[in-house]
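J.: File follows, input-v1.tsv with TSV, C-alpha atoms:
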```tsv
chain	number	residue	atom	x	y	z
U	131	MET	CA	37.06	-30.08	-3.58
U	132	ARG	CA	36.85	-27.41	-0.88
U	133	THR	CA	39.20	-27.82	2.06
U	134	ALA	CA	37.86	-27.73	5.59
U	135	LYS	CA	39.44	-24.33	6.32
U	136	ASP	CA	37.81	-22.84	3.21
U	137	PHE	CA	34.36	-24.01	4.22
U	138	PHE	CA	33.96	-21.08	6.59
U	139	THR	CA	35.39	-18.46	4.23
U	140	PRO	CA	32.81	-16.07	2.72
U	141	LEU	CA	31.88	-17.01	-0.85
U	142	ALA	CA	31.92	-13.39	-1.98
U	143	VAL	CA	34.15	-10.42	-1.16
U	144	GLY	CA	32.40	-8.33	1.48
U	145	ALA	CA	29.92	-11.03	2.51
U	146	PRO	CA	29.56	-11.80	6.23
U	147	ALA	CA	31.56	-14.70	7.63
U	148	PRO	CA	29.63	-18.00	7.69
U	149	LEU	CA	28.41	-19.23	11.04
U	150	ARG	CA	30.28	-22.08	12.69
U	151	GLU	CA	27.25	-23.14	14.73
U	152	ILE	CA	23.56	-22.68	13.95
U	153	PRO	CA	21.78	-20.84	16.79
U	154	ALA	CA	19.22	-22.96	18.67
U	155	ARG	CA	16.37	-20.46	18.35
U	156	PRO	CA	12.88	-21.84	18.98
U	157	SER	CA	10.93	-22.74	15.85
U	158	ARG	CA	8.07	-24.79	17.26
U	159	ALA	CA	5.54	-23.27	14.87
U	160	ILE	CA	6.50	-21.91	11.44
U	161	HIS	CA	3.37	-19.98	10.54
U	162	PHE	CA	2.82	-19.49	6.81
U	163	PHE	CA	1.10	-16.41	5.42
U	164	ASP	CA	0.47	-15.09	1.91
U	165	PRO	CA	1.90	-11.54	1.67
U	166	SER	CA	-0.34	-10.83	-1.34
U	167	ASN	CA	-3.45	-11.38	0.78
U	168	ALA	CA	-4.23	-7.97	2.31
U	169	LYS	CA	-6.48	-9.42	5.01
U	170	MET	CA	-3.83	-11.91	6.07
U	171	ALA	CA	-1.01	-9.36	5.87
U	172	ALA	CA	-2.90	-6.95	8.14
U	173	LYS	CA	-2.83	-9.55	10.94
U	174	ILE	CA	0.94	-10.02	10.94
U	175	PRO	CA	1.91	-7.19	13.34
U	176	ASP	CA	-0.48	-8.54	15.97
U	177	MET	CA	1.01	-12.05	15.61
U	178	VAL	CA	4.52	-10.91	16.49
U	179	GLY	CA	5.48	-12.48	19.81
U	180	THR	CA	2.73	-15.11	19.63
U	181	VAL	CA	4.60	-17.46	17.29
U	182	ASP	CA	8.26	-18.42	16.96
U	183	VAL	CA	8.43	-17.97	13.17
U	184	LEU	CA	6.38	-15.97	10.69
U	185	LEU	CA	7.02	-17.11	7.12
U	186	GLY	CA	6.07	-15.08	4.07
U	187	ASN	CA	5.17	-17.68	1.48
U	188	LEU	CA	5.96	-16.93	-2.17
U	189	GLU	CA	5.70	-20.45	-3.60
U	190	ASP	CA	2.89	-23.04	-3.58
U	191	ALA	CA	-0.56	-21.67	-2.64
U	192	VAL	CA	0.31	-18.33	-4.28
U	193	LYS	CA	-1.17	-18.06	-7.79
U	194	ALA	CA	1.14	-17.21	-10.67
U	195	GLU	CA	-0.53	-13.85	-11.21
U	196	ASN	CA	0.07	-12.99	-7.54
U	197	LYS	CA	3.77	-13.89	-7.36
U	198	GLU	CA	5.07	-10.34	-7.73
U	199	ALA	CA	2.42	-8.96	-5.38
U	200	ALA	CA	3.45	-11.52	-2.76
U	201	ARG	CA	7.13	-10.59	-3.11
U	202	HIS	CA	6.50	-6.86	-2.84
U	203	GLY	CA	3.97	-7.44	-0.08
U	204	LEU	CA	6.61	-9.23	1.98
U	205	VAL	CA	9.04	-6.36	1.47
U	206	GLU	CA	6.41	-3.90	2.70
U	207	ILE	CA	5.49	-6.03	5.73
U	208	ALA	CA	9.13	-6.54	6.71
U	209	THR	CA	9.94	-2.86	6.28
U	210	ASN	CA	7.07	-1.71	8.47
U	211	THR	CA	7.12	-4.38	11.19
U	212	ASP	CA	9.28	-4.81	14.27
U	213	PHE	CA	9.42	-8.57	14.68
U	214	GLY	CA	11.01	-8.51	18.12
U	215	PRO	CA	11.49	-12.11	19.34
U	216	THR	CA	9.70	-13.60	16.32
U	217	GLN	CA	11.86	-14.77	13.43
U	218	LEU	CA	11.03	-13.75	9.85
U	219	TRP	CA	11.44	-16.45	7.23
U	220	THR	CA	10.37	-16.73	3.63
U	221	ARG	CA	9.79	-19.63	1.24
U	222	VAL	CA	10.97	-18.58	-2.22
U	223	ASN	CA	9.85	-20.18	-5.44
U	224	ALA	CA	11.48	-23.34	-6.78
U	225	LEU	CA	14.95	-22.98	-8.29
U	226	ASP	CA	13.68	-23.92	-11.76
U	227	SER	CA	10.86	-21.35	-11.67
U	228	PRO	CA	10.82	-17.98	-13.48
U	229	TRP	CA	10.37	-16.11	-10.18
U	230	VAL	CA	13.12	-17.34	-7.85
U	231	LEU	CA	15.93	-15.08	-9.07
U	232	ASP	CA	13.81	-11.97	-8.52
U	233	ASP	CA	12.69	-13.39	-5.17
U	234	LEU	CA	16.26	-13.67	-3.93
U	235	THR	CA	17.67	-10.47	-5.41
U	236	THR	CA	14.75	-8.38	-4.18
U	237	LEU	CA	14.40	-9.81	-0.71
U	238	VAL	CA	18.08	-9.96	0.22
U	239	THR	CA	18.91	-6.48	-1.03
U	240	GLU	CA	15.79	-4.79	0.35
U	241	ILE	CA	14.98	-6.65	3.59
U	242	GLY	CA	17.94	-8.97	4.09
U	243	HIS	CA	18.68	-7.38	7.46
U	244	LYS	CA	15.25	-8.55	8.64
U	245	LEU	CA	15.31	-12.06	7.14
U	246	ASP	CA	16.54	-14.90	9.35
U	247	VAL	CA	15.99	-17.89	7.06
U	248	ILE	CA	15.18	-18.56	3.41
U	249	MET	CA	13.31	-21.80	2.81
U	250	VAL	CA	14.18	-23.46	-0.51
U	251	PRO	CA	11.61	-25.89	-1.95
U	252	LYS	CA	12.19	-29.13	-3.82
U	253	VAL	CA	15.90	-29.40	-3.06
U	254	GLN	CA	17.37	-32.30	-5.03
U	255	GLY	CA	20.98	-32.35	-3.90
U	256	ALA	CA	23.97	-30.38	-2.67
U	257	GLU	CA	24.22	-28.60	-6.03
U	258	ASP	CA	21.01	-26.70	-5.29
U	259	ILE	CA	22.35	-25.50	-1.94
U	260	HIS	CA	25.71	-24.55	-3.51
U	261	TYR	CA	23.92	-22.34	-6.04
U	262	VAL	CA	21.85	-20.57	-3.40
U	263	ASP	CA	24.86	-20.31	-1.07
U	264	ARG	CA	27.02	-18.43	-3.60
U	265	LEU	CA	24.18	-16.21	-4.79
U	266	LEU	CA	23.22	-15.25	-1.24
U	267	ALA	CA	26.84	-14.38	-0.44
U	268	GLN	CA	27.00	-12.06	-3.46
U	269	LEU	CA	23.72	-10.40	-2.54
U	270	GLU	CA	24.69	-10.09	1.12
U	271	ALA	CA	27.88	-8.33	0.07
U	272	LYS	CA	25.93	-6.00	-2.20
U	273	ALA	CA	23.48	-5.20	0.59
U	274	LYS	CA	26.32	-4.84	3.14
U	275	LEU	CA	24.65	-7.28	5.51
U	276	GLU	CA	26.47	-8.02	8.76
U	277	ARG	CA	25.17	-11.55	9.31
U	278	PRO	CA	24.52	-14.42	6.91
U	279	ILE	CA	20.97	-15.44	6.02
U	280	LEU	CA	20.41	-19.12	6.75
U	281	VAL	CA	18.97	-21.71	4.36
U	282	HIS	CA	16.28	-24.27	5.15
U	283	ALA	CA	15.65	-27.04	2.61
U	284	ILE	CA	12.34	-28.83	2.00
U	285	LEU	CA	12.43	-32.58	1.28
U	286	GLU	CA	9.88	-32.98	-1.49
U	287	THR	CA	11.48	-35.44	-3.91
U	288	ALA	CA	12.81	-38.98	-3.76
U	289	ARG	CA	16.19	-37.73	-4.97
U	290	GLY	CA	16.26	-35.18	-2.18
U	291	VAL	CA	15.69	-37.90	0.40
U	292	ALA	CA	18.34	-40.10	-1.22
U	293	ASN	CA	20.81	-37.18	-1.04
U	294	ILE	CA	19.76	-36.01	2.41
U	295	GLU	CA	23.16	-36.23	4.11
U	296	GLU	CA	24.96	-34.24	1.42
U	297	ILE	CA	22.19	-31.61	1.46
U	298	CYS	CA	22.60	-31.15	5.21
U	299	GLY	CA	26.35	-30.76	4.88
U	300	ALA	CA	26.39	-28.62	1.73
U	301	SER	CA	26.88	-25.24	3.40
U	302	PRO	CA	27.58	-23.72	6.82
U	303	ARG	CA	24.45	-21.62	6.32
U	304	MET	CA	22.20	-24.72	6.41
U	305	HIS	CA	19.62	-24.23	9.16
U	306	GLY	CA	17.61	-27.42	8.80
U	307	LEU	CA	15.11	-29.48	6.83
U	308	SER	CA	11.35	-29.74	6.62
U	309	LEU	CA	9.29	-32.64	5.34
U	310	GLY	CA	7.15	-31.75	2.31
U	311	PRO	CA	4.76	-34.73	2.33
U	312	ALA	CA	2.42	-33.81	-0.54
U	313	ASP	CA	5.07	-33.25	-3.23
U	314	LEU	CA	7.16	-36.11	-1.88
U	315	ALA	CA	4.18	-38.46	-2.05
U	316	ALA	CA	3.59	-37.52	-5.68
U	317	ASP	CA	7.27	-37.89	-6.61
U	318	ARG	CA	7.43	-41.30	-4.94
U	319	ARG	CA	4.16	-42.36	-6.60
U	320	MET	CA	2.63	-42.99	-3.20
U	321	LYS	CA	-1.12	-43.65	-3.39
U	322	THR	CA	-2.35	-41.01	-0.97
U	323	THR	CA	-3.98	-37.66	-1.69
U	324	ARG	CA	-3.61	-36.36	1.87
U	325	VAL	CA	-1.26	-33.53	2.88
U	326	GLY	CA	0.68	-35.22	5.66
U	327	GLY	CA	-0.79	-37.40	8.37
U	328	GLY	CA	-1.64	-41.07	8.24
U	329	HIS	CA	-3.86	-43.15	6.00
U	330	PRO	CA	-6.49	-45.70	7.08
U	331	GLY	CA	-5.25	-48.13	4.45
U	332	TYR	CA	-1.72	-48.18	5.79
U	333	LEU	CA	-2.16	-50.64	8.64
U	334	VAL	CA	-1.25	-53.92	10.25
U	335	ARG	CA	-3.80	-56.50	11.30
U	336	GLN	CA	-3.65	-58.72	14.37
U	337	ASP	CA	-3.04	-62.40	13.67
U	338	PRO	CA	-6.14	-64.60	13.63
U	339	THR	CA	-7.11	-66.39	16.82
U	340	GLY	CA	-7.47	-70.13	16.39
U	341	GLY	CA	-6.81	-69.84	12.67
U	342	ASP	CA	-10.16	-68.13	11.96
U	343	ILE	CA	-9.27	-65.42	9.42
U	344	ASP	CA	-12.90	-64.25	9.26
U	345	ALA	CA	-13.14	-63.44	12.98
U	346	ASP	CA	-12.90	-59.85	14.21
U	347	ARG	CA	-9.21	-58.88	14.17
U	348	PRO	CA	-8.11	-55.45	15.39
U	349	THR	CA	-6.16	-53.25	12.97
U	350	TYR	CA	-3.63	-50.55	13.79
U	351	GLN	CA	-3.02	-47.57	11.52
U	352	GLN	CA	0.65	-46.97	10.78
U	353	ASP	CA	2.63	-43.81	10.05
U	354	LEU	CA	3.44	-43.30	6.35
U	355	TRP	CA	6.19	-40.83	7.21
U	356	HIS	CA	8.06	-42.60	10.00
U	357	TYR	CA	11.02	-43.67	7.83
U	358	THR	CA	11.47	-40.28	6.20
U	359	ILE	CA	11.21	-38.30	9.45
U	360	ALA	CA	13.64	-40.62	11.22
U	361	ARG	CA	16.15	-40.34	8.37
U	362	MET	CA	15.73	-36.56	8.31
U	363	VAL	CA	16.33	-36.33	12.07
U	364	ASP	CA	19.50	-38.43	11.84
U	365	ALA	CA	20.92	-36.36	8.98
U	366	CYS	CA	20.17	-33.08	10.74
U	367	ALA	CA	21.58	-34.25	14.07
U	368	MET	CA	24.74	-35.41	12.35
U	369	HIS	CA	25.30	-31.90	10.95
U	370	GLY	CA	24.11	-29.89	13.94
U	371	ILE	CA	21.01	-28.51	12.23
U	372	TYR	CA	17.27	-28.88	12.87
U	373	ALA	CA	14.54	-31.17	11.56
U	374	HIS	CA	10.91	-30.04	11.21
U	375	TYR	CA	7.67	-31.71	10.31
U	376	GLY	CA	5.95	-29.89	7.47
U	377	PRO	CA	2.25	-29.21	6.86
U	378	PHE	CA	-0.77	-31.05	8.18
U	379	GLY	CA	-3.45	-30.32	5.62
U	380	ASP	CA	-6.65	-31.29	7.46
U	381	ILE	CA	-7.14	-28.05	9.38
U	382	ALA	CA	-10.35	-29.27	11.05
U	383	ASP	CA	-8.81	-32.47	12.48
U	384	VAL	CA	-6.89	-30.92	15.34
U	385	VAL	CA	-6.66	-34.28	17.15
U	386	ALA	CA	-4.84	-36.04	14.31
U	387	CYS	CA	-2.70	-32.94	13.78
U	388	GLU	CA	-1.55	-33.06	17.38
U	389	ASP	CA	-0.83	-36.79	17.10
U	390	GLN	CA	1.27	-36.31	13.96
U	391	PHE	CA	3.18	-33.39	15.44
U	392	ARG	CA	3.85	-35.41	18.60
U	393	ASN	CA	5.21	-38.34	16.60
U	394	ALA	CA	7.67	-35.94	14.94
U	395	TYR	CA	8.56	-34.33	18.29
U	396	LEU	CA	9.30	-37.69	19.93
U	397	LEU	CA	11.51	-38.70	17.00
U	398	GLY	CA	13.59	-35.51	17.32
U	399	CYS	CA	11.93	-32.76	15.27
U	400	VAL	CA	11.94	-29.29	16.84
U	401	GLY	CA	8.86	-27.85	15.14
U	402	ALA	CA	6.25	-28.02	12.40
U	403	TRP	CA	4.47	-25.79	9.90
U	404	SER	CA	1.27	-23.98	10.77
U	405	LEU	CA	-1.23	-23.40	7.96
U	406	HIS	CA	-3.94	-21.95	10.22
U	407	PRO	CA	-3.75	-20.03	13.52
U	408	LYS	CA	-5.34	-22.95	15.39
U	409	GLN	CA	-2.30	-25.07	14.52
U	410	ILE	CA	0.05	-22.59	16.22
U	411	ALA	CA	-1.25	-23.51	19.65
U	412	ILE	CA	-0.96	-27.21	18.82
U	413	ALA	CA	2.66	-26.89	17.69
U	414	LYS	CA	3.66	-24.75	20.67
U	415	LYS	CA	2.10	-27.29	23.04
U	416	VAL	CA	3.53	-30.38	21.38
U	417	PHE	CA	7.08	-29.12	20.74
U	418	SER	CA	7.48	-27.81	24.29
U	419	PRO	CA	8.42	-30.35	26.98
U	420	SER	CA	5.59	-30.98	29.41
U	421	VAL	CA	5.92	-29.78	33.00
U	422	GLU	CA	5.96	-33.43	34.11
U	423	ASP	CA	8.80	-34.30	31.73
U	424	VAL	CA	10.85	-31.29	32.79
U	425	GLU	CA	10.30	-32.06	36.46
U	426	HIS	CA	11.43	-35.67	36.01
U	427	ALA	CA	14.43	-34.63	33.90
U	428	ARG	CA	15.58	-32.14	36.54
U	429	ARG	CA	15.27	-34.77	39.28
U	430	VAL	CA	17.40	-37.22	37.31
U	431	VAL	CA	20.09	-34.62	36.57
U	432	ALA	CA	20.17	-33.58	40.24
U	433	ALA	CA	20.33	-37.18	41.47
U	434	MET	CA	23.12	-38.10	39.05
U	435	GLY	CA	25.48	-35.37	40.25
U	436	ASP	CA	28.51	-35.48	37.95
U	437	GLY	CA	26.60	-37.67	35.49
U	438	THR	CA	28.57	-40.87	36.10
U	439	GLY	CA	27.52	-44.09	37.75
U	440	ALA	CA	23.90	-45.07	38.35
U	441	VAL	CA	21.10	-44.36	40.83
U	442	MET	CA	17.64	-45.77	41.54
U	443	LEU	CA	14.86	-43.18	41.24
U	444	ASP	CA	11.20	-44.13	41.65
U	445	GLY	CA	12.11	-47.77	41.19
U	446	LYS	CA	13.92	-47.17	37.90
U	447	MET	CA	17.62	-47.23	37.14
U	448	GLU	CA	19.08	-43.96	35.88
U	449	ASP	CA	22.63	-43.75	34.53
U	450	ASP	CA	24.85	-41.57	32.35
U	451	ALA	CA	22.73	-42.29	29.26
U	452	SER	CA	19.60	-41.30	31.20
U	453	THR	CA	21.30	-38.05	32.19
U	454	LYS	CA	22.09	-37.21	28.57
U	455	GLN	CA	18.44	-37.82	27.62
U	456	CYS	CA	17.25	-35.65	30.48
U	457	LEU	CA	19.67	-32.85	29.63
U	458	VAL	CA	18.11	-32.65	26.18
U	459	MET	CA	14.77	-31.97	27.88
U	460	VAL	CA	16.17	-29.52	30.45
U	461	GLU	CA	18.15	-27.50	27.90
U	462	LEU	CA	15.16	-27.28	25.54
U	463	ALA	CA	12.96	-26.11	28.41
U	464	GLU	CA	15.47	-23.40	29.29
U	465	ARG	CA	15.66	-22.12	25.69
U	466	LEU	CA	11.88	-22.00	25.36
U	467	ALA	CA	11.38	-20.37	28.75
U	468	ALA	CA	13.68	-17.55	27.65
U	469	VAL	CA	11.20	-16.52	24.91
U	470	ASP	CA	7.87	-17.84	26.24
U	471	PRO	CA	6.73	-16.18	29.50
U	472	GLU	CA	3.84	-18.62	29.95
U	473	LEU	CA	6.14	-21.62	29.75
U	474	LYS	CA	8.66	-19.94	32.02
U	475	ALA	CA	5.99	-19.53	34.70
U	476	GLN	CA	5.04	-23.20	34.39
U	477	TYR	CA	8.63	-24.43	34.57
U	478	ASP	CA	9.53	-22.07	37.42
U	479	ALA	CA	6.58	-23.41	39.43
U	480	ILE	CA	8.26	-26.83	39.47
U	481	GLU	CA	10.93	-25.50	41.80
U	482	ALA	CA	8.48	-23.69	44.08
```
If you took the structure in this file and wrote it as structure tokens, what would it be?
T.:
Amino acid sequence: MRTAKDFFTPLAVGAPAPLREIPARPSRAIHFFDPSNAKMAAKIPDMVGTVDVLLGNLEDAVKAENKEAARHGLVEIATNTDFGPTQLWTRVNALDSPWVLDDLTTLVTEIGHKLDVIMVPKVQGAEDIHYVDRLLAQLEAKAKLERPILVHAILETARGVANIEEICGASPRMHGLSLGPADLAADRRMKTTRVGGGHPGYLVRQDPTGGDIDADRPTYQQDLWHYTIARMVDACAMHGIYAHYGPFGDIADVVACEDQFRNAYLLGCVGAWSLHPKQIAIAKKVFSPSVEDVEHARRVVAAMGDGTGAVMLDGKMEDDASTKQCLVMVELAERLAAVDPELKAQYDAIEA
């Protein structure tokens, strides 16, 4: 058993010291791209600054024969691109695959100074994070990196969800979690073939009026992922890391995509994956507090003064708990305004 003081000791001689707090950098949209796709790769430099995270995908959606091309393509893109305010992430192949060891050894030693986060798919338990943690420390030492690369785990198995708390607390380099709904649905034997989102069969029906079960009775579609997202948010909050919704596969249905992203945002997620450029705008909109919410939050904080007691504002009682809720909104708005000039202008206009 590791003692608490050893938890923040580097796992390899010469590796950078582990972080004691994960930076709260915006990750509203994690935009996936295939580095082996020349057309897609050519667009990356122009996307810098337009999205919080650009993620070079090496795993699912990359054919087996293109795995090495994707890896080397990511090295070339990272080497030749100044990412400025945009974070560079990658999703490596699964830990039981024949490609993951080369993914990690190549990327960390060649572009580790550019990589912010490595996303690890199909994490089953703390043992998976421990393996990656030690290996990354050894590679960081070899590459003489000055800061640790963070790890982001994808929840894609029932065992991963069952072990969610120990995954979150497995390493000080844990950045957060993302929901992987398609693989998780298959592992759970859920009867849906959709990639994220709801299902018209998952519903509740209004009780019959007057006992007539054949009369028209409204139905309400439910959220298949509510339990998992809520559990993910709690586990991440407990460990000071960040929860994200994953992919929404129906690219054309931008309305349902926005609804699903908003559900995750309201529950406590800080961002979602983008599989198409049109989803970037949706994620940036949804995971940024609205001007109206920021304005209200600032009014409550100002009215509450030192944060104790209670006041009446617009006919509603506001107290210390209200202040804490509003500070979440205000602090998020400040972080986003620091990297998003358009949002900054909107939020600044509130005070004008």
J.: Quick one: contact table of region 155-241 of chain U to region 376-394 of chain U, 12 Å max, nearest atom pair and distance in Å to one decimal per residue, counting only C-alpha atoms, chain and number order, as JSON lines?
T.:
```
{"residue": "U:Arg158", "atom": "CA", "partner": "U:Phe391", "partner_atom": "CA", "distance": 10.1}
{"residue": "U:Ala159", "atom": "CA", "partner": "U:Gly376", "partner_atom": "CA", "distance": 9.9}
{"residue": "U:Ile160", "atom": "CA", "partner": "U:Gly376", "partner_atom": "CA", "distance": 8.9}
{"residue": "U:His161", "atom": "CA", "partner": "U:Pro377", "partner_atom": "CA", "distance": 10.0}
{"residue": "U:Phe162", "atom": "CA", "partner": "U:Pro377", "partner_atom": "CA", "distance": 9.7}
```
J.: Looking at U:Val281, U:Val421, U:Thr358, U:Ala142, which one is nearest to Leu265 (chain U), with distances taken over all atoms listed in the file?
T.: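 Nearest to Leu265 (chain U): U:Ala142.
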J.: Measuring atom to atom with all atoms listed in the file, identify which of U:Lys193, U:Lys446, U:Lys244, U:His260 is nearest to Phe213 (chain U).
T.: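 Of the candidates, the smallest distance to Phe213 (chain U) is held by U:Lys244.
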J.: Residues at most 9 Å from Leu245 (chain U), counting all atoms listed in the file, excluding those fewer than 5 positions away in the same chain, as a ChimeraX atom specification?
T.: /U:208,217-220,237-238,279-280
J.: Quick check, in Å to one decimal: how far apart do CA of Asp423 (chain U) and CA of Gln352 (chain U) lie?
T.: 25.8 Å
J.: Quick one: of U:Ala145, U:Gln254, U:Leu185, U:His406, who's nearest to Ala271 (chain U), counting only C-alpha atoms?
T.: U:Ala145
J.: Which of these, U:Gln409, U:Gly203, U:Glu195, U:Ala315, has the shortest distance to Lys169 (chain U) once you count all atoms listed in the file?
T.: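 Distance minimum relative to Lys169 (chain U) lands on U:Gly203.
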J.: For region 151-157 of chain U, work out the shell of residues within 7 Å, counting only C-alpha atoms and skipping chain neighbours fewer than 5 positions away, then give it as an NGL selection string.
T.: :U and (182-183 or 305 or 371 or 400-401 or 466)
J.: Go ahead and dump the residues you just picked, C-alpha atoms, as a tab-separated table (two decimals), in the coordinates of the input.
T.:
```
chain	number	residue	atom	x	y	z
U	182	ASP	CA	8.26	-18.42	16.96
U	183	VAL	CA	8.43	-17.97	13.17
U	305	HIS	CA	19.62	-24.23	9.16
U	371	ILE	CA	21.01	-28.51	12.23
U	400	VAL	CA	11.94	-29.29	16.84
U	401	GLY	CA	8.86	-27.85	15.14
U	466	LEU	CA	11.88	-22.00	25.36
```
J.: Quick one: residues within 12 Å of Ala191 (chain U), all atoms listed in the file counted, chain neighbours fewer than 5 positions away excluded, as an mmCIF file with C-alpha atoms, keeping the file's coordinate frame?
T.:
```cif
data_model
loop_
_atom_site.group_PDB
_atom_site.id
_atom_site.type_symbol
_atom_site.label_atom_id
_atom_site.label_comp_id
_atom_site.auth_asym_id
_atom_site.auth_seq_id
_atom_site.Cartn_x
_atom_site.Cartn_y
_atom_site.Cartn_z
ATOM 1 C CA PHE U 162 2.820 -19.490 6.810
ATOM 2 C CA PHE U 163 1.100 -16.410 5.420
ATOM 3 C CA ASP U 164 0.470 -15.090 1.910
ATOM 4 C CA PRO U 165 1.900 -11.540 1.670
ATOM 5 C CA SER U 166 -0.340 -10.830 -1.340
ATOM 6 C CA ASN U 167 -3.450 -11.380 0.780
ATOM 7 C CA GLY U 186 6.070 -15.080 4.070
ATOM 8 C CA ASN U 196 0.070 -12.990 -7.540
ATOM 9 C CA LYS U 197 3.770 -13.890 -7.360
ATOM 10 C CA ALA U 200 3.450 -11.520 -2.760
ATOM 11 C CA ARG U 221 9.790 -19.630 1.240
ATOM 12 C CA VAL U 222 10.970 -18.580 -2.220
ATOM 13 C CA ASN U 223 9.850 -20.180 -5.440
ATOM 14 C CA LEU U 405 -1.230 -23.400 7.960
#
```
J.: Kindly write N, CA and C atoms of region 305-325 of chain U from the structure just given to a file, as a PDB file, in the first residue's frame.
T.:
```pdb
ATOM      1  N   HIS U 305      -6.786  13.169 -15.007  1.00  0.00           N
ATOM      2  CA  HIS U 305      -7.413  14.422 -15.426  1.00  0.00           C
ATOM      3  C   HIS U 305      -8.930  14.355 -15.323  1.00  0.00           C
ATOM      4  N   GLY U 306      -9.513  13.229 -15.730  1.00  0.00           N
ATOM      5  CA  GLY U 306     -10.961  13.117 -15.708  1.00  0.00           C
ATOM      6  C   GLY U 306     -11.434  11.853 -16.382  1.00  0.00           C
ATOM      7  N   LEU U 307     -12.747  11.812 -16.618  1.00  0.00           N
ATOM      8  CA  LEU U 307     -13.405  10.667 -17.240  1.00  0.00           C
ATOM      9  C   LEU U 307     -14.304  11.139 -18.364  1.00  0.00           C
ATOM     10  N   SER U 308     -14.476  10.270 -19.349  1.00  0.00           N
ATOM     11  CA  SER U 308     -15.478  10.485 -20.395  1.00  0.00           C
ATOM     12  C   SER U 308     -16.370   9.257 -20.485  1.00  0.00           C
ATOM     13  N   LEU U 309     -17.628   9.495 -20.801  1.00  0.00           N
ATOM     14  CA  LEU U 309     -18.571   8.407 -21.031  1.00  0.00           C
ATOM     15  C   LEU U 309     -18.376   7.860 -22.443  1.00  0.00           C
ATOM     16  N   GLY U 310     -18.201   6.548 -22.553  1.00  0.00           N
ATOM     17  CA  GLY U 310     -18.128   5.881 -23.853  1.00  0.00           C
ATOM     18  C   GLY U 310     -19.388   5.058 -24.068  1.00  0.00           C
ATOM     19  N   PRO U 311     -20.485   5.673 -24.526  1.00  0.00           N
ATOM     20  CA  PRO U 311     -21.790   5.017 -24.494  1.00  0.00           C
ATOM     21  C   PRO U 311     -21.926   3.795 -25.393  1.00  0.00           C
ATOM     22  N   ALA U 312     -21.280   3.776 -26.556  1.00  0.00           N
ATOM     23  CA  ALA U 312     -21.478   2.650 -27.474  1.00  0.00           C
ATOM     24  C   ALA U 312     -20.875   1.363 -26.922  1.00  0.00           C
ATOM     25  N   ASP U 313     -19.601   1.407 -26.529  1.00  0.00           N
ATOM     26  CA  ASP U 313     -18.964   0.214 -25.968  1.00  0.00           C
ATOM     27  C   ASP U 313     -19.593  -0.177 -24.642  1.00  0.00           C
ATOM     28  N   LEU U 314     -19.959   0.814 -23.842  1.00  0.00           N
ATOM     29  CA  LEU U 314     -20.595   0.514 -22.556  1.00  0.00           C
ATOM     30  C   LEU U 314     -21.943  -0.160 -22.771  1.00  0.00           C
ATOM     31  N   ALA U 315     -22.704   0.303 -23.743  1.00  0.00           N
ATOM     32  CA  ALA U 315     -24.001  -0.318 -24.035  1.00  0.00           C
ATOM     33  C   ALA U 315     -23.820  -1.783 -24.423  1.00  0.00           C
ATOM     34  N   ALA U 316     -22.818  -2.048 -25.250  1.00  0.00           N
ATOM     35  CA  ALA U 316     -22.573  -3.435 -25.667  1.00  0.00           C
ATOM     36  C   ALA U 316     -22.148  -4.292 -24.481  1.00  0.00           C
ATOM     37  N   ASP U 317     -21.266  -3.752 -23.634  1.00  0.00           N
ATOM     38  CA  ASP U 317     -20.768  -4.532 -22.500  1.00  0.00           C
ATOM     39  C   ASP U 317     -21.869  -4.811 -21.493  1.00  0.00           C
ATOM     40  N   ARG U 318     -22.796  -3.872 -21.359  1.00  0.00           N
ATOM     41  CA  ARG U 318     -23.916  -4.050 -20.436  1.00  0.00           C
ATOM     42  C   ARG U 318     -25.045  -4.898 -21.022  1.00  0.00           C
ATOM     43  N   ARG U 319     -24.948  -5.193 -22.296  1.00  0.00           N
ATOM     44  CA  ARG U 319     -26.017  -5.874 -23.048  1.00  0.00           C
ATOM     45  C   ARG U 319     -27.274  -5.017 -23.124  1.00  0.00           C
ATOM     46  N   MET U 320     -27.077  -3.710 -23.208  1.00  0.00           N
ATOM     47  CA  MET U 320     -28.205  -2.810 -23.441  1.00  0.00           C
ATOM     48  C   MET U 320     -28.717  -3.021 -24.859  1.00  0.00           C
ATOM     49  N   LYS U 321     -29.998  -2.813 -25.083  1.00  0.00           N
ATOM     50  CA  LYS U 321     -30.598  -3.092 -26.390  1.00  0.00           C
ATOM     51  C   LYS U 321     -30.788  -1.801 -27.188  1.00  0.00           C
ATOM     52  N   THR U 322     -29.674  -1.122 -27.422  1.00  0.00           N
ATOM     53  CA  THR U 322     -29.691   0.073 -28.251  1.00  0.00           C
ATOM     54  C   THR U 322     -28.496   0.029 -29.182  1.00  0.00           C
ATOM     55  N   THR U 323     -28.692   0.475 -30.404  1.00  0.00           N
ATOM     56  CA  THR U 323     -27.589   0.512 -31.368  1.00  0.00           C
ATOM     57  C   THR U 323     -27.163   1.947 -31.653  1.00  0.00           C
ATOM     58  N   ARG U 324     -27.610   2.882 -30.826  1.00  0.00           N
ATOM     59  CA  ARG U 324     -27.263   4.288 -31.010  1.00  0.00           C
ATOM     60  C   ARG U 324     -25.959   4.620 -30.285  1.00  0.00           C
ATOM     61  N   VAL U 325     -25.236   5.616 -30.794  1.00  0.00           N
ATOM     62  CA  VAL U 325     -24.016   6.085 -30.139  1.00  0.00           C
ATOM     63  C   VAL U 325     -24.388   7.303 -29.306  1.00  0.00           C
TER      64      VAL U 325
END
```
